[in-house]
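Participant: Coordinates in structure26.txt, compact mmCIF, C-alpha atoms, are listed below.
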```
# COMPACT_ATOMS: atom_id res chain seq x y z
CA MET A 5 0.00 0.00 0.00
CA ILE A 6 1.37 3.42 -1.00
CA ASN A 7 0.55 6.36 1.24
CA ARG A 8 -0.62 9.56 -0.44
CA ILE A 9 2.12 12.19 -0.72
CA SER A 10 1.30 15.73 0.35
CA THR A 11 4.52 17.15 1.85
CA PHE A 12 8.11 17.39 0.69
CA ASN A 13 9.25 15.10 3.50
CA GLU A 14 6.77 12.45 2.38
CA PHE A 15 8.04 12.90 -1.18
CA ARG A 16 11.63 12.48 0.04
CA ASP A 17 10.74 9.34 1.97
CA ALA A 18 8.97 7.84 -1.05
CA ILE A 19 11.96 8.52 -3.31
CA SER A 20 14.38 7.09 -0.73
CA ALA A 21 12.46 3.82 -0.50
CA TYR A 22 14.80 2.41 -3.17
CA ARG A 23 17.53 1.84 -0.59
CA LEU A 24 16.39 -1.42 1.01
CA PRO A 25 15.46 -3.01 -2.34
CA ARG A 26 18.93 -2.15 -3.59
CA VAL A 27 20.49 -3.77 -0.51
CA LEU A 28 18.49 -6.95 -1.17
CA LEU A 29 19.40 -7.00 -4.85
CA ALA A 30 23.10 -6.47 -4.06
CA ALA A 31 22.96 -9.53 -1.81
CA LEU A 32 21.36 -11.56 -4.60
CA GLU A 33 23.93 -10.35 -7.13
CA MET A 34 26.71 -11.57 -4.82
CA ASP A 35 24.97 -14.94 -4.25
CA LEU A 36 25.31 -14.08 -0.57
CA PHE A 37 22.44 -16.26 0.68
CA THR A 38 23.72 -19.26 -1.29
CA VAL A 39 27.25 -18.84 0.04
CA VAL A 40 26.07 -18.44 3.63
CA GLY A 41 23.93 -21.56 3.22
CA ASP A 42 23.36 -23.33 6.53
CA ARG A 43 26.64 -22.27 8.12
CA THR A 44 27.57 -19.55 10.59
CA TRP A 45 30.20 -17.14 9.28
CA SER A 46 32.55 -14.59 10.73
CA LEU A 47 32.59 -11.41 8.70
CA THR A 48 36.26 -11.93 7.84
CA ALA A 49 35.72 -15.46 6.53
CA LEU A 50 32.60 -14.50 4.57
CA ALA A 51 34.31 -11.50 2.96
CA LYS A 52 37.19 -13.74 1.91
CA LYS A 53 34.81 -16.34 0.45
CA LEU A 54 32.85 -13.71 -1.48
CA LYS A 55 36.04 -11.85 -2.50
CA VAL A 56 34.73 -8.49 -1.30
CA SER A 57 35.91 -5.90 1.18
CA GLU A 58 35.21 -6.62 4.83
CA ARG A 59 34.13 -3.04 5.39
CA GLY A 60 31.60 -3.09 2.55
CA LEU A 61 30.26 -6.51 3.51
CA GLY A 62 29.93 -5.48 7.14
CA ILE A 63 27.72 -2.54 6.28
CA LEU A 64 25.65 -4.67 3.89
CA CYS A 65 25.18 -7.53 6.35
CA ARG A 66 24.27 -5.18 9.16
CA ASN A 67 21.42 -3.83 7.02
CA LEU A 68 20.36 -7.31 5.97
CA ALA A 69 20.23 -8.31 9.62
CA ALA A 70 18.16 -5.22 10.47
CA ALA A 71 15.69 -6.30 7.76
CA GLY A 72 15.53 -9.86 9.16
CA MET A 73 17.28 -11.41 6.16
CA LEU A 74 20.31 -12.50 8.22
CA TYR A 75 20.76 -13.24 11.91
CA LYS A 76 23.63 -11.46 13.67
CA LYS A 77 25.19 -12.40 16.98
CA GLY A 78 28.30 -10.51 17.92
CA SER A 79 30.59 -10.66 14.91
CA VAL A 80 29.04 -13.70 13.22
CA TYR A 81 26.14 -14.08 10.79
CA ARG A 82 23.84 -16.86 9.63
CA ASN A 83 20.94 -17.09 7.21
CA SER A 84 17.31 -16.45 8.08
CA LYS A 85 14.90 -19.23 7.15
CA LEU A 86 14.01 -17.38 3.94
CA GLY A 87 17.65 -16.82 3.02
CA ALA A 88 18.51 -20.47 3.64
CA THR A 89 15.67 -21.79 1.48
CA ALA A 90 14.01 -19.76 -1.29
CA LEU A 91 17.08 -17.54 -1.82
CA ASN A 92 19.65 -20.33 -1.59
CA ALA A 93 20.52 -21.93 -4.93
CA ASN A 94 21.51 -25.15 -3.17
CA HIS A 95 18.08 -25.66 -1.58
CA PRO A 96 15.20 -27.56 -3.27
CA THR A 97 12.79 -24.65 -2.77
CA TYR A 98 15.07 -22.10 -4.45
CA ARG A 99 13.05 -19.56 -6.49
CA GLY A 100 15.78 -18.88 -9.03
CA GLY A 101 13.53 -18.13 -11.99
CA TYR A 102 11.61 -15.42 -10.21
CA LEU A 103 14.72 -13.99 -8.54
CA HIS A 104 16.35 -13.64 -11.96
CA LEU A 105 13.26 -11.80 -13.21
CA ILE A 106 13.10 -9.29 -10.37
CA ARG A 107 16.85 -8.65 -10.60
CA SER A 108 16.48 -7.74 -14.27
CA HIS A 109 13.56 -5.44 -13.46
CA TRP A 110 15.82 -3.04 -11.57
CA THR A 111 17.61 -1.91 -14.73
CA ASP A 112 14.39 -2.09 -16.75
CA TRP A 113 12.53 0.27 -14.42
CA ILE A 114 15.37 2.79 -14.61
CA ARG A 115 14.38 3.13 -18.28
CA LEU A 116 10.70 3.80 -17.55
CA ALA A 117 10.80 7.28 -19.12
CA GLU A 118 11.76 5.70 -22.46
CA SER A 119 8.57 3.65 -22.56
CA ILE A 120 6.46 6.59 -21.42
CA GLN A 121 7.86 8.70 -24.27
CA SER A 122 7.44 6.03 -26.95
CA GLY A 123 4.38 4.17 -25.68
CA LEU A 124 6.26 0.98 -26.53
CA PRO A 125 7.85 -1.73 -24.38
CA LEU A 126 11.59 -1.77 -23.81
CA ASP A 127 13.53 -3.55 -26.55
CA HIS A 128 10.31 -3.87 -28.55
CA ASP A 129 12.34 -4.61 -31.69
CA VAL A 130 14.04 -7.66 -30.10
CA PRO A 131 12.22 -10.96 -30.79
CA ASP A 132 10.81 -12.84 -27.78
CA GLY A 133 12.71 -16.11 -28.28
CA PRO A 134 12.06 -19.55 -26.77
CA ASP A 135 14.86 -19.17 -24.18
CA HIS A 136 13.31 -16.00 -22.80
CA ARG A 137 9.89 -17.63 -22.76
CA ARG A 138 11.24 -20.61 -20.84
CA GLN A 139 12.92 -18.37 -18.26
CA PHE A 140 9.76 -16.30 -17.84
CA THR A 141 7.62 -19.42 -17.48
CA TRP A 142 9.85 -20.77 -14.71
CA ALA A 143 9.66 -17.36 -13.02
CA MET A 144 5.85 -17.52 -13.08
CA HIS A 145 5.95 -21.00 -11.54
CA HIS A 146 8.21 -19.78 -8.74
CA ARG A 147 5.91 -16.80 -8.20
CA THR A 148 2.73 -18.88 -7.84
CA VAL A 149 3.91 -22.22 -6.44
CA GLU A 150 2.63 -21.38 -2.94
CA ILE A 151 -0.42 -19.28 -3.73
CA ALA A 152 -1.94 -21.61 -6.37
CA PRO A 153 -2.91 -24.32 -3.83
CA GLU A 154 -4.47 -21.63 -1.61
CA ILE A 155 -6.58 -20.33 -4.48
CA ALA A 156 -7.55 -23.85 -5.57
CA GLY A 157 -8.62 -24.58 -2.02
CA HIS A 158 -11.10 -21.69 -2.06
CA LEU A 159 -12.58 -22.31 -5.51
CA HIS A 160 -15.02 -25.20 -5.36
CA LEU A 161 -15.42 -26.70 -8.82
CA GLY A 162 -18.15 -29.12 -7.76
CA HIS A 163 -18.99 -31.59 -10.54
CA ALA A 164 -16.76 -30.03 -13.20
CA GLN A 165 -15.14 -32.70 -15.35
CA ASN A 166 -12.67 -30.58 -17.30
CA LEU A 167 -10.90 -27.25 -16.92
CA LEU A 168 -8.93 -25.14 -19.39
CA ASP A 169 -6.04 -23.14 -17.93
CA LEU A 170 -5.95 -20.48 -20.66
CA GLY A 171 -2.54 -18.83 -20.94
CA GLY A 172 -1.56 -21.10 -18.06
CA GLY A 173 2.21 -21.02 -18.65
CA PRO A 174 3.82 -23.49 -16.26
CA GLY A 175 0.50 -25.12 -15.40
CA THR A 176 0.98 -24.39 -11.71
CA TYR A 177 -2.68 -23.50 -11.21
CA ALA A 178 -3.90 -26.43 -13.31
CA LEU A 179 -1.91 -28.83 -11.14
CA ALA A 180 -3.29 -27.19 -7.99
CA PHE A 181 -6.87 -27.63 -9.24
CA LEU A 182 -6.15 -31.26 -10.13
CA ALA A 183 -4.71 -31.93 -6.68
CA LYS A 184 -7.84 -30.49 -5.06
CA ASN A 185 -10.33 -32.20 -7.41
CA PRO A 186 -9.46 -35.90 -7.97
CA ARG A 187 -12.04 -36.39 -10.75
CA LEU A 188 -11.05 -33.32 -12.73
CA ARG A 189 -9.06 -33.30 -15.97
CA ALA A 190 -7.23 -30.14 -17.04
CA THR A 191 -5.63 -28.68 -20.15
CA VAL A 192 -2.92 -26.01 -20.17
CA CYS A 193 -3.06 -23.72 -23.19
CA ASP A 194 -0.06 -21.54 -24.06
CA ARG A 195 2.95 -21.20 -26.35
CA VAL A 196 5.10 -24.23 -27.13
CA ALA A 197 8.09 -23.00 -25.09
CA ALA A 198 5.88 -22.43 -22.04
CA LEU A 199 4.30 -25.85 -22.37
CA GLU A 200 7.72 -27.49 -22.40
CA VAL A 201 8.30 -26.05 -18.93
CA ALA A 202 4.80 -27.12 -17.86
CA LYS A 203 5.61 -30.70 -18.87
CA GLU A 204 8.84 -30.63 -16.83
CA ILE A 205 7.01 -29.37 -13.77
CA ALA A 206 4.17 -31.89 -14.15
CA SER A 207 6.55 -34.83 -14.66
CA THR A 208 6.88 -35.41 -10.90
CA HIS A 209 3.30 -34.49 -9.96
CA LYS A 210 0.82 -37.19 -8.94
CA ALA A 211 -1.87 -35.73 -11.20
CA ARG A 212 0.24 -35.60 -14.37
CA GLU A 213 -1.88 -38.28 -16.12
CA ARG A 214 -4.92 -35.98 -15.89
CA LEU A 215 -3.14 -33.00 -17.47
CA SER A 216 -2.95 -32.33 -21.20
CA TYR A 217 -1.39 -29.55 -23.27
CA LEU A 218 -2.76 -27.30 -26.00
CA PRO A 219 -0.27 -25.18 -28.00
CA LEU A 220 -2.30 -22.27 -29.36
CA ASP A 221 -2.27 -18.52 -29.98
CA PHE A 222 -5.66 -17.99 -28.38
CA SER A 223 -5.44 -14.24 -29.01
CA GLN A 224 -5.87 -15.02 -32.71
CA GLU A 225 -7.31 -18.54 -33.03
CA PRO A 226 -10.51 -20.28 -31.89
CA ILE A 227 -10.24 -22.51 -28.82
CA PRO A 228 -10.91 -26.16 -29.71
CA GLY A 229 -13.00 -28.38 -27.42
CA THR A 230 -15.62 -27.59 -24.80
CA TYR A 231 -15.03 -27.09 -21.09
CA ASP A 232 -16.88 -26.84 -17.80
CA VAL A 233 -14.47 -24.20 -16.46
CA VAL A 234 -12.01 -21.81 -18.11
CA TRP A 235 -9.42 -20.31 -15.74
CA TYR A 236 -7.83 -17.05 -17.01
CA SER A 237 -5.20 -16.05 -14.48
CA ASN A 238 -2.92 -13.04 -14.86
CA VAL A 239 -3.45 -12.89 -18.61
CA LEU A 240 -6.05 -10.13 -18.94
CA HIS A 241 -3.44 -7.42 -18.27
CA ILE A 242 -1.21 -8.58 -21.16
CA TYR A 243 -3.69 -7.59 -23.88
CA SER A 244 -5.59 -4.55 -25.10
CA PRO A 245 -9.32 -4.15 -24.48
CA LYS A 246 -10.05 -5.14 -28.08
CA THR A 247 -7.97 -8.33 -27.86
CA ASN A 248 -9.48 -9.29 -24.50
CA GLN A 249 -12.97 -8.83 -25.90
CA ALA A 250 -12.11 -11.17 -28.79
CA ILE A 251 -10.68 -13.72 -26.33
CA PHE A 252 -13.84 -13.51 -24.22
CA ARG A 253 -15.92 -14.40 -27.28
CA ARG A 254 -13.68 -17.40 -27.98
CA VAL A 255 -13.97 -18.52 -24.37
CA ARG A 256 -17.75 -18.18 -24.54
CA ALA A 257 -17.78 -20.46 -27.59
CA ALA A 258 -15.60 -23.04 -25.81
CA LEU A 259 -17.72 -23.26 -22.64
CA LYS A 260 -20.51 -25.74 -22.10
CA PRO A 261 -23.94 -24.24 -21.26
CA GLY A 262 -23.75 -22.89 -17.74
CA GLY A 263 -19.95 -23.26 -17.70
CA ARG A 264 -17.80 -20.90 -15.63
CA PHE A 265 -15.24 -18.37 -16.83
CA ILE A 266 -13.04 -17.41 -13.84
CA ILE A 267 -10.68 -14.46 -14.19
CA GLN A 268 -7.88 -13.61 -11.77
CA ASP A 269 -6.07 -10.33 -12.33
CA ALA A 270 -4.89 -7.00 -10.92
CA PHE A 271 -8.28 -5.30 -11.11
CA LEU A 272 -8.85 -1.63 -10.35
CA HIS A 273 -11.94 -1.12 -8.23
CA ASP A 274 -12.66 2.59 -7.89
CA ARG A 275 -14.52 4.87 -10.29
CA GLU A 276 -11.37 6.71 -11.44
CA GLY A 277 -9.27 3.57 -11.90
CA LEU A 278 -6.58 4.47 -9.35
CA TYR A 279 -6.83 1.80 -6.66
CA PRO A 280 -5.55 -0.56 -5.40
CA THR A 281 -2.24 1.21 -5.90
CA GLU A 282 -0.47 -2.11 -6.54
CA ALA A 283 -2.73 -2.65 -9.56
CA SER A 284 -1.98 0.87 -10.81
CA LEU A 285 1.76 0.32 -10.45
CA PHE A 286 1.48 -3.01 -12.23
CA ALA A 287 0.18 -1.19 -15.31
CA LEU A 288 3.65 0.37 -15.60
CA SER A 289 5.13 -3.13 -15.87
CA MET A 290 2.76 -3.73 -18.77
CA LEU A 291 3.98 -0.54 -20.41
CA LEU A 292 7.59 -1.67 -20.00
CA PHE A 293 7.16 -5.25 -21.19
CA THR A 294 4.06 -5.66 -23.41
CA GLU A 295 2.84 -4.18 -26.68
CA GLN A 296 -0.78 -3.67 -25.57
CA GLY A 297 -1.11 -4.40 -21.86
CA ASP A 298 -2.67 -2.43 -19.03
CA THR A 299 -4.67 -3.02 -15.86
CA TYR A 300 -8.44 -2.71 -16.06
CA THR A 301 -11.35 -1.83 -13.84
CA VAL A 302 -13.91 -4.39 -12.73
CA ASN A 303 -16.66 -2.38 -14.41
CA GLU A 304 -15.08 -2.32 -17.86
CA THR A 305 -14.20 -6.03 -17.62
CA ALA A 306 -17.80 -6.82 -16.67
CA LYS A 307 -18.97 -4.79 -19.68
CA TRP A 308 -16.78 -6.87 -22.01
CA LEU A 309 -18.12 -10.07 -20.46
CA LYS A 310 -21.73 -8.97 -21.02
CA GLN A 311 -20.97 -8.02 -24.62
CA ALA A 312 -19.51 -11.51 -25.16
CA GLY A 313 -22.75 -13.07 -23.91
CA PHE A 314 -21.81 -13.98 -20.34
CA VAL A 315 -24.26 -13.82 -17.44
CA ARG A 316 -24.12 -14.01 -13.62
CA ILE A 317 -20.98 -11.85 -13.32
CA LYS A 318 -19.84 -11.71 -9.70
CA PRO A 319 -16.80 -11.55 -7.39
CA VAL A 320 -15.31 -14.70 -5.90
CA PRO A 321 -14.41 -13.94 -2.26
CA ILE A 322 -11.03 -15.23 -1.15
CA ARG A 323 -9.76 -15.11 2.43
CA LYS A 324 -7.51 -12.09 2.88
CA GLY A 325 -3.85 -13.07 2.94
CA THR A 326 -4.33 -15.98 0.55
CA GLU A 327 -5.21 -13.97 -2.58
CA ASP A 328 -2.89 -12.99 -5.41
CA TRP A 329 -4.47 -9.55 -5.92
CA GLU A 330 -6.87 -7.58 -3.75
CA ASP A 331 -10.43 -8.61 -4.72
CA GLY A 332 -8.76 -10.11 -7.76
CA ILE A 333 -11.04 -13.00 -8.80
CA TRP A 334 -14.29 -12.57 -10.70
CA GLU A 335 -16.39 -15.11 -12.53
CA ALA A 336 -19.07 -15.22 -15.19
CA SER A 337 -21.20 -18.01 -16.66
CA ALA A 338 -22.14 -19.04 -20.15
CA PRO A 339 -25.91 -18.96 -20.63
CA GLY A 340 -27.64 -22.16 -19.65
CA PRO A 341 -28.66 -24.10 -16.56
CA ARG A 342 -26.86 -22.89 -13.45
CA PRO A 343 -24.06 -25.41 -12.81
CA ARG A 344 -23.90 -27.28 -9.50
CA MET A 345 -20.67 -25.49 -8.58
CA ILE A 346 -20.31 -22.78 -5.98
CA ALA A 347 -17.43 -20.68 -4.73
CA ASN A 348 -16.36 -21.26 -1.16
CA GLN A 349 -16.99 -18.09 0.84
CA LYS A 350 -15.75 -19.43 4.14
CA GLY A 351 -13.43 -17.05 5.94
CA SER A 352 -14.33 -14.03 3.83
CA SER A 353 -16.51 -11.09 4.81
CA ARG A 354 -16.60 -9.64 1.28
CA ASN A 355 -19.79 -9.99 -0.66
CA ARG A 356 -20.15 -7.20 -3.15
CA LYS A 357 -22.93 -6.76 -5.70
CA ALA A 358 -22.57 -8.37 -9.09
CA HIS A 359 -21.93 -6.03 -11.99
```
Go ahead and express the file in the form of structure tokens.
Facilitator:
Amino acid sequence: MINRISTFNEFRDAISAYRLPRVLLAALEMDLFTVVGDRTWSLTALAKKLKVSERGLGILCRNLAAAGMLYKKGSVYRNSKLGATALNANHPTYRGGYLHLIRSHWTDWIRLAESIQSGLPLDHDVPDGPDHRRQFTWAMHHRTVEIAPEIAGHLHLGHAQNLLDLGGGPGTYALAFLAKNPRLRATVCDRVAALEVAKEIASTHKARERLSYLPLDFSQEPIPGTYDVVWYSNVLHIYSPKTNQAIFRRVRAALKPGGRFIIQDAFLHDREGLYPTEASLFALSMLLFTEQGDTYTVNETAKWLKQAGFVRIKPVPIRKGTEDWEDGIWEASAPGPRPRMIANQKGSSRNRKAH
């Protein structure tokens, strides 16, 4: 949450907020958490191992300890639980793909004014090759590997027999839905390079036999097959309003009567399209990295859904602290008999009117 700025001191504090992120990124660039591992280090020994100055490392580690990223006792340091696991390349839960992505974003965001001036993404003339797509897909898996089971646990799919994870990348959500619903079959639809990563991830999953793959440019081509549920997570913001409206029509054609179209995204909720602030800031990422993307209000998304022929448009309440985005899941139905599937509202006090 970003506080409103009304004084010069508040402006100064907002500008200076880059300092801690830069400390964290410097530690990642040095592979500090990997080197520390599960050992306790004196500053002298750690500086020698990292081949850096003891003075510089001492100031860095002191700030990391103040932020809870390292533990300090006297003149020795050891990793926090987070540093020893998700940030440690030698640990099974290492989030390397996502860490690589956020490290690259530092230099990308420095160039924000370029994209504002041109209206185009950075390096828009450089092709998006398979290697980049693979790296990005792994990053998305590392970003959602914990939250996907939480979301799947709150979305009751009832008697649904099949689900399409549209633009599903690594298939992390599809696998979470399969784990929660033993009778369900799922299909991940995305680019070939993304689906290669999805197959690697699924290869050790118990539900892999119930997962299939659909290589398709769904922004341009019809969606083959018919489905009880289409899950559209963190894809809406990649495309323009016109492209999303065309995708909505294709989804409508691919749903069985009464089938559910569930959208998760960084929705804006106020009349002016300013809040939540995290959703507004995320639109800048879309400016930097996509040709058409933006973040959209709930009202305009609901309008597109109605124009595509959807009915029963409503929010899906998710317990606070387990959601990806604030009030970030909405669903609509294809016309037809109301399906015997309901969203689990347990633990949530939100129940806003349908649009």
Participant: So which one's closest to Ile317 of chain A, A:Pro339, A:Pro226, A:Gly162, A:Pro219? Using only C-alpha atoms, please.
Facilitator: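 Ranked by minimum distance to Ile317 of chain A, first place goes to A:Pro339.
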Participant: Write out as an MDAnalysis selection string the residues lying within 10 Å of segment 112-120 of chain A, counting all atoms listed in the file and excluding same-chain residues fewer than 4 positions away.
Facilitator: chainID A and resid 106:108 124:128 288:289 291:293
Participant: Taking only C-alpha atoms into account, which of A:His109, A:Arg43, A:Lys324, A:Arg99 comes nearest Val80 of chain A?
Facilitator: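 Between A:His109, A:Arg43, A:Lys324, A:Arg99, the residue approaching Val80 of chain A most closely is A:Arg43.
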Participant: Please report the interatomic distance between atom CA of Tyr102 of chain A and atom CA of Ala180 of chain A in Å with one decimal.
Facilitator: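 Straight-line distance from atom CA of Tyr102 of chain A to atom CA of Ala180 of chain A works out to 19.1 Å.
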Participant: Restricting the calculation to only C-alpha atoms, which member of A:Glu154, A:Leu86, A:Ala30, A:Ala336 is positioned closest to Gly60 of chain A?
Facilitator: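 Ranked by minimum distance to Gly60 of chain A, first place goes to A:Ala30.
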Participant: Near Asp328 of chain A, within 9 Å and counting only C-alpha atoms, which residues show up once chain neighbours fewer than 3 positions away are dropped, as a PyMOL selection string?
Facilitator: chain A and resi 148+151-152+155+268-270+325+331-333
Participant: With a distance cut-off of 6 Å and only C-alpha atoms, select the neighbouring residues of Gly263 of chain A, excluding the residue or stretch itself and same-chain residues fewer than 5 positions from it, and output the selection as a tab-separated table (two decimals) with C-alpha atoms, in the frame of the given file.
Facilitator:
```tsv
chain	number	residue	atom	x	y	z
A	232	ASP	CA	-16.88	-26.84	-17.80
A	233	VAL	CA	-14.47	-24.20	-16.46
A	337	SER	CA	-21.20	-18.01	-16.66
A	338	ALA	CA	-22.14	-19.04	-20.15
```
Participant: Could you give me, as a ChimeraX atom specification, the residues that have an atom at most 12 Å away from the point (-1.2, 8.6, 0.1) in the coordinates of the file, using all atoms listed in the file?
Facilitator: /A:5-11,14-15,18,278-281
Participant: At what distance in Å, to one decimal, does atom CA of Pro186 of chain A lie from atom CA of Arg147 of chain A?
Facilitator: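 Value for the atom CA of Arg147 of chain A-atom CA of Pro186 of chain A distance: 24.5 Å.
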Participant: For Met290 of chain A, please output as a ChimeraX atom specification all residues within 7 Å (counting all atoms listed in the file; exclusion window: fewer than 5 positions along the same chain).
Facilitator: /A:242,297-298
Participant: When you look at Gly62 of chain A with a cut-off of 10 Å (counting only C-alpha atoms), what residues show up, excluding the ones that are within fewer than 3 positions of it in the same chain? I need them as a list in words.
Facilitator: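 Result of the neighbour search: Leu47, Thr48, Leu50, Ala51, Ser57, Glu58, Arg59, Cys65, Arg66, Asn67, Leu68 and Ser79 of chain A.
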Participant: Starting from 4 Å padding per side, set up an axis-aligned box that covers all listed atoms of segment 301-312 of chain A and hand over centre and edge lengths in Å, one decimal, as AutoDock Vina command-line options.
Facilitator:
```
--center_x -16.5 --center_y -6.7 --center_z -18.9 --size_x 18.4 --size_y 17.7 --size_z 20.4
```
Participant: Taking only C-alpha atoms into account, name the residue in A:Ala197, A:Ala156, A:Leu170, A:Ala183 that is nearest to Val239 of chain A.
Facilitator: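 That would be A:Leu170, the residue with the smallest distance to Val239 of chain A.
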Participant: List every protein, DNA or RNA residue that has at least one atom no more than 12 Å from (-9.0, -6.5, -23.7) in the file's coordinates, counting only C-alpha atoms, and write the result as a compact mmCIF listing (two decimals) with C-alpha atoms, in the frame of the given file.
Facilitator:
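Generated output (point_23.txt):
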```
# COMPACT_ATOMS: atom_id res chain seq x y z
CA SER A 223 -5.44 -14.24 -29.01
CA VAL A 239 -3.45 -12.89 -18.61
CA LEU A 240 -6.05 -10.13 -18.94
CA HIS A 241 -3.44 -7.42 -18.27
CA ILE A 242 -1.21 -8.58 -21.16
CA TYR A 243 -3.69 -7.59 -23.88
CA SER A 244 -5.59 -4.55 -25.10
CA PRO A 245 -9.32 -4.15 -24.48
CA LYS A 246 -10.05 -5.14 -28.08
CA THR A 247 -7.97 -8.33 -27.86
CA ASN A 248 -9.48 -9.29 -24.50
CA GLN A 249 -12.97 -8.83 -25.90
CA ALA A 250 -12.11 -11.17 -28.79
CA ILE A 251 -10.68 -13.72 -26.33
CA PHE A 252 -13.84 -13.51 -24.22
CA ARG A 253 -15.92 -14.40 -27.28
CA GLN A 296 -0.78 -3.67 -25.57
CA GLY A 297 -1.11 -4.40 -21.86
CA ASP A 298 -2.67 -2.43 -19.03
CA THR A 299 -4.67 -3.02 -15.86
CA TYR A 300 -8.44 -2.71 -16.06
CA THR A 301 -11.35 -1.83 -13.84
CA GLU A 304 -15.08 -2.32 -17.86
CA THR A 305 -14.20 -6.03 -17.62
CA ALA A 306 -17.80 -6.82 -16.67
CA LYS A 307 -18.97 -4.79 -19.68
CA TRP A 308 -16.78 -6.87 -22.01
CA LEU A 309 -18.12 -10.07 -20.46
CA ALA A 312 -19.51 -11.51 -25.16
```
